[in-house]
Amino acid sequence: MDPALKAARMEIASEVGADVGNFTPPDEKRFTGVEIMLVVGGALLYGFLKGLAKKVGEKVGEKVGEKVGEKIGEPLSTYVGDKIDELAGKDKATQDRLLEEAQNEAKKKIQTAGLTSAQVKETAQTVETQMVITLSAKAPKEISVRIARKVTSAGVGVL
């Protein structure tokens with residue numbers, strides 16, 4: 001796995017920290033160790049990268065199955081929540097592979113679109129706003145904002 005991607009997942013997992021119980025299924029709240037924090041951190045990073053790739057695709061008129069911006073927050077909310085559930089059910093090697101694929105997809109779309117770093121950051125802010133809405137359904141807003149900022153910072157850092 002790309003060391004930067006691995007570090008980004010760890011950075012997000014550290015930010016989630018003790019708040020991990022907000023983002024895990026009710027029957028798994030007792031599993032709040034490092035492993036579940038890494039799963040949640042990886043899932044948030046994965047959802048961010050996939051959401052960013054979709055947003056970039058929209059900017060260049062690419063047809064995407066579900067447009068992230070149709071209703072503010074709703075499509076990405078569902079998407080990120082699904083990604084947490086999806087990655088939680090995978091072994092570590094599969095999680096790593098899926099993260100790398102999401103990173104590569106986002107990089108490719110950014111390159112194809114010819115976006116500047118300022119445009120990438122602007123797009124990332126849109127995804128961050130939607131991620132705050134997603135996370136706020138599970139945790140207090142101040143926690144959601146803090147974690148979404150970390151996900152955005154780490155996510156943009158691996159591009």
# chains A, B, ... in the order shown; residues from 1 in each chain; ligands from 1
>>> residues_around(residues="range 135-150 of chain A", least_positions_apart="4", cutoff="8 Å", atoms="only C-alpha atoms", output="VMD selection string")
chain A and resid 11 to 12 15 to 16 19 22 to 23 77 128 to 129 131 154
>>> residues_around(residues="Ala4 in chain A", least_positions_apart="6", cutoff="10 Å", atoms="only C-alpha atoms", output="ChimeraX atom specification")
/A:10,154-155,157-159
>>> write_last_selection(atoms="C-alpha atoms", output="CSV table (one decimal), in the first residue's frame")
chain,number,residue,atom,x,y,z
A,10,MET,CA,-3.9,6.2,10.4
A,154,ALA,CA,-5.6,13.7,4.6
A,155,GLY,CA,-7.6,12.9,1.5
A,157,GLY,CA,-2.8,15.0,0.8
A,158,VAL,CA,-2.8,11.6,-0.9
A,159,LEU,CA,-3.7,13.1,-4.3
>>> residues_around(residues="Asp96 in chain A", least_positions_apart="6", cutoff="9 Å", atoms="only C-alpha atoms", output="PyMOL selection string")
chain A and resi 1+5-6+42
>>> write_last_selection(atoms="N, CA and C atoms", output="short mmCIF file (atom, residue, chain, number, x, y, z; two decimals), in the first residue's frame")
data_model
loop_
_atom_site.label_atom_id
_atom_site.label_comp_id
_atom_site.auth_asym_id
_atom_site.auth_seq_id
_atom_site.Cartn_x
_atom_site.Cartn_y
_atom_site.Cartn_z
N MET A 1 0.85 -1.18 0.00
CA MET A 1 0.00 0.00 0.00
C MET A 1 0.90 1.24 0.00
N LEU A 5 -0.98 6.83 1.75
CA LEU A 5 -2.36 6.39 1.96
C LEU A 5 -2.51 5.72 3.32
N LYS A 6 -1.53 4.90 3.65
CA LYS A 6 -1.52 4.23 4.95
C LYS A 6 -1.45 5.26 6.09
N GLY A 42 -10.34 4.26 7.39
CA GLY A 42 -10.20 3.86 5.99
C GLY A 42 -11.49 4.06 5.21
#
>>> closest_residue(among="A:Thr112, A:Gln103, A:Gln130, A:Thr123", to="Arg9 in chain A", atoms="only C-alpha atoms")
A:Gln103
>>> residues_around(residues="Glu122 in chain A", least_positions_apart="4", cutoff="12 Å", atoms="only C-alpha atoms", output="PyMOL selection string")
chain A and resi 52+55-56+59+115-118+126-129+152+156
>>> residues_around(residues="Ala106 in chain A", least_positions_apart="6", cutoff="7 Å", atoms="only C-alpha atoms", output="PyMOL selection string")
chain A and resi 49-50+52-53
>>> write_last_selection(atoms="N, CA and C atoms", output="PDB file, in the first residue's frame")
ATOM      1  N   LEU A  49     -12.565   9.891  -1.098  1.00  0.00           N
ATOM      2  CA  LEU A  49     -11.914   9.778  -2.408  1.00  0.00           C
ATOM      3  C   LEU A  49     -12.913   9.418  -3.501  1.00  0.00           C
ATOM      4  N   LYS A  50     -13.831   8.510  -3.195  1.00  0.00           N
ATOM      5  CA  LYS A  50     -14.853   8.144  -4.182  1.00  0.00           C
ATOM      6  C   LYS A  50     -15.790   9.326  -4.447  1.00  0.00           C
ATOM      7  N   LEU A  52     -15.043  12.507  -4.088  1.00  0.00           N
ATOM      8  CA  LEU A  52     -14.276  13.505  -4.833  1.00  0.00           C
ATOM      9  C   LEU A  52     -14.193  13.119  -6.311  1.00  0.00           C
ATOM     10  N   ALA A  53     -13.938  11.847  -6.575  1.00  0.00           N
ATOM     11  CA  ALA A  53     -13.878  11.391  -7.966  1.00  0.00           C
ATOM     12  C   ALA A  53     -15.209  11.626  -8.678  1.00  0.00           C
TER      13      ALA A  53
END
>>> atom_distance(atom1="CA of Gln125 in chain A", atom2="CA of Val34 in chain A")
27.9 Å
>>> residues_around(residues="Ala13 in chain A", least_positions_apart="4", cutoff="7 Å", atoms="only C-alpha atoms", output="VMD selection string")
chain A and resid 9 17 37 to 38 40 to 41
>>> write_last_selection(atoms="N, CA and C atoms", output="mmCIF file, in the first residue's frame")
data_model
loop_
_atom_site.group_PDB
_atom_site.id
_atom_site.type_symbol
_atom_site.label_atom_id
_atom_site.label_comp_id
_atom_site.auth_asym_id
_atom_site.auth_seq_id
_atom_site.Cartn_x
_atom_site.Cartn_y
_atom_site.Cartn_z
ATOM 1 N N ARG A 9 -4.818 7.123 6.442
ATOM 2 C CA ARG A 9 -5.819 6.311 7.146
ATOM 3 C C ARG A 9 -5.550 6.334 8.651
ATOM 4 N N GLY A 17 -10.561 8.434 16.980
ATOM 5 C CA GLY A 17 -10.246 8.059 18.355
ATOM 6 C C GLY A 17 -11.413 7.550 19.172
ATOM 7 N N MET A 37 -10.990 1.466 14.601
ATOM 8 C CA MET A 37 -10.697 2.863 14.249
ATOM 9 C C MET A 37 -10.059 2.929 12.859
ATOM 10 N N LEU A 38 -9.200 1.958 12.550
ATOM 11 C CA LEU A 38 -8.589 1.915 11.216
ATOM 12 C C LEU A 38 -9.627 1.613 10.143
ATOM 13 N N VAL A 40 -12.867 2.396 10.309
ATOM 14 C CA VAL A 40 -13.666 3.617 10.158
ATOM 15 C C VAL A 40 -12.840 4.688 9.445
ATOM 16 N N GLY A 41 -11.575 4.859 9.849
ATOM 17 C CA GLY A 41 -10.703 5.832 9.182
ATOM 18 C C GLY A 41 -10.545 5.529 7.707
#
>>> closest_residue(among="A:Asp2, A:Ala8, A:Lys92, A:Lys54", to="Val39 in chain A", atoms="only C-alpha atoms")
A:Lys92
>>> atom_distance(atom1="CA of Thr94 in chain A", atom2="CA of Gly21 in chain A")
23.0 Å
